[in-house]
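Notes to accompany the following structure.
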Amino acid sequence: NLKATRFFLTEQLQFSDTQQQKFIELDEIHKHKMIEIDRQIITQKNILFNAFDDKNINIDSLASITGQLEAQKDVEVYRFFNSVKEICDKEQQKKFTKIIRKALTRGKSAPLERQGNRPQRDGEMPPPPR
């Protein structure tokens, strides 16, 4: 939930009014960039998955473009958080770094859960490497 994330950051970092205004500006710019990249990804995926009958389509190229767009999203997220960190004072920066590290650590298990994998039970063989 994007609004909850915004509120959480501004609340945890105890932004001043000026910092909150700058954060909102950065967030709006970030949101528009992410929407545009997502739009491009959807367009690429539509081209790819509507090309079953086209024998001349370069599937690897289309998939590569989609991958590049996904990488752009990662770069944009990094730049956004770096910009947020820059509006923080020294103490807020320390707290910000802790918040981001905690979020990243928590997020590491999420891909497995999204893929439908469940935690291994005692005595079970681990899943094969991907």
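Residues are referred to by chain and number: the chain letter is A, B, ... according to the order shown in the structure tokens, the number counts from 1 in that chain, and ligands are numbered separately from 1 in the order shown.
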Inset, instruction - Would you list the contacts of region 27-29 of chain A as a list in words, taking every protein, DNA or RNA residue within 10 Å and counting only C-alpha atoms, but skipping same-chain residues closer than 5 positions in sequence? - result: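 Returned residues: Leu2, Arg6, Gln21, Lys22, Met34, Phe80, Phe81, Ser83 and Val84 of chain A.
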Legend entry - Residues flagged alpha helix (DSSP H) by DSSP in region 26-81 of chain A, as an NGL selection string: :A and (26-49 or 59-81)
Inset, instruction - Measure the distance from CA of Ile41 (chain A) to CA of Leu69 (chain A) in Å and round it to one decimal. - result: 6.4 Å
Inset, instruction - Skip region 93-100 of chain A itself and residues of its chain fewer than 3 positions away, then list as number ranges by chain all residues within 9 Å of it, counting only C-alpha atoms. - result: A: 9, 12-13, 81, 84-90, 103-105
Could the residues in this selection be saved with N, CA and C atoms as a short mmCIF file (atom, residue, chain, number, x, y, z; two decimals), in the first residue's frame?
```cif
data_model
loop_
_atom_site.label_atom_id
_atom_site.label_comp_id
_atom_site.auth_asym_id
_atom_site.auth_seq_id
_atom_site.Cartn_x
_atom_site.Cartn_y
_atom_site.Cartn_z
N LEU A 9 7.11 6.18 6.31
CA LEU A 9 8.41 6.85 6.20
C LEU A 9 8.40 8.23 6.83
N GLN A 12 8.08 7.75 10.67
CA GLN A 12 9.27 7.17 11.30
C GLN A 12 10.45 8.14 11.27
N LEU A 13 10.57 8.88 10.18
CA LEU A 13 11.70 9.80 10.05
C LEU A 13 11.41 11.16 10.66
N PHE A 81 14.81 6.32 -3.49
CA PHE A 81 15.19 6.20 -2.08
C PHE A 81 16.46 7.00 -1.78
N VAL A 84 15.32 10.50 -1.33
CA VAL A 84 14.67 10.66 -0.03
C VAL A 84 15.73 10.76 1.06
N LYS A 85 16.74 9.93 0.98
CA LYS A 85 17.81 9.96 1.98
C LYS A 85 18.50 11.32 1.99
N GLU A 86 18.65 11.93 0.82
CA GLU A 86 19.33 13.22 0.72
C GLU A 86 18.57 14.35 1.40
N ILE A 87 17.25 14.22 1.54
CA ILE A 87 16.51 15.30 2.22
C ILE A 87 16.50 15.10 3.74
N CYS A 88 17.08 14.00 4.19
CA CYS A 88 17.16 13.70 5.62
C CYS A 88 18.37 14.36 6.26
N ASP A 89 18.25 14.68 7.54
CA ASP A 89 19.43 15.12 8.28
C ASP A 89 20.22 13.86 8.67
N LYS A 90 21.34 14.03 9.33
CA LYS A 90 22.23 12.90 9.63
C LYS A 90 21.53 11.81 10.46
N ALA A 103 13.54 -3.62 5.50
CA ALA A 103 12.57 -3.92 4.44
C ALA A 103 13.17 -4.88 3.42
N LEU A 104 14.43 -4.70 3.07
CA LEU A 104 15.09 -5.58 2.11
C LEU A 104 15.25 -6.98 2.66
N THR A 105 15.61 -7.07 3.94
CA THR A 105 15.76 -8.37 4.58
C THR A 105 14.42 -9.11 4.63
#
```
Inset, instruction - Skip Lys45 (chain A) itself and residues of its chain fewer than 2 positions away, then list as a list in words all residues within 12 Å of it, counting only C-alpha atoms. - result: Asp38, Arg39, Gln40, Ile41, Ile42, Thr43, Ile47, Leu48, Phe49, Asn50, Ala51, Ile59, Ser61, Leu62, Ala63, Ser64, Ile65, Thr66, Gly67, Leu69 and Glu70 of chain A
Inset, instruction - Figure out the distance between CA of Ile37 (chain A) and CA of Thr10 (chain A), please, to one decimal in Å. - result: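 These atoms are spaced 25.5 Å apart.
The spacing separating CA of Lys102 (chain A) from CA of Glu36 (chain A) amounts to 28.1 Å.
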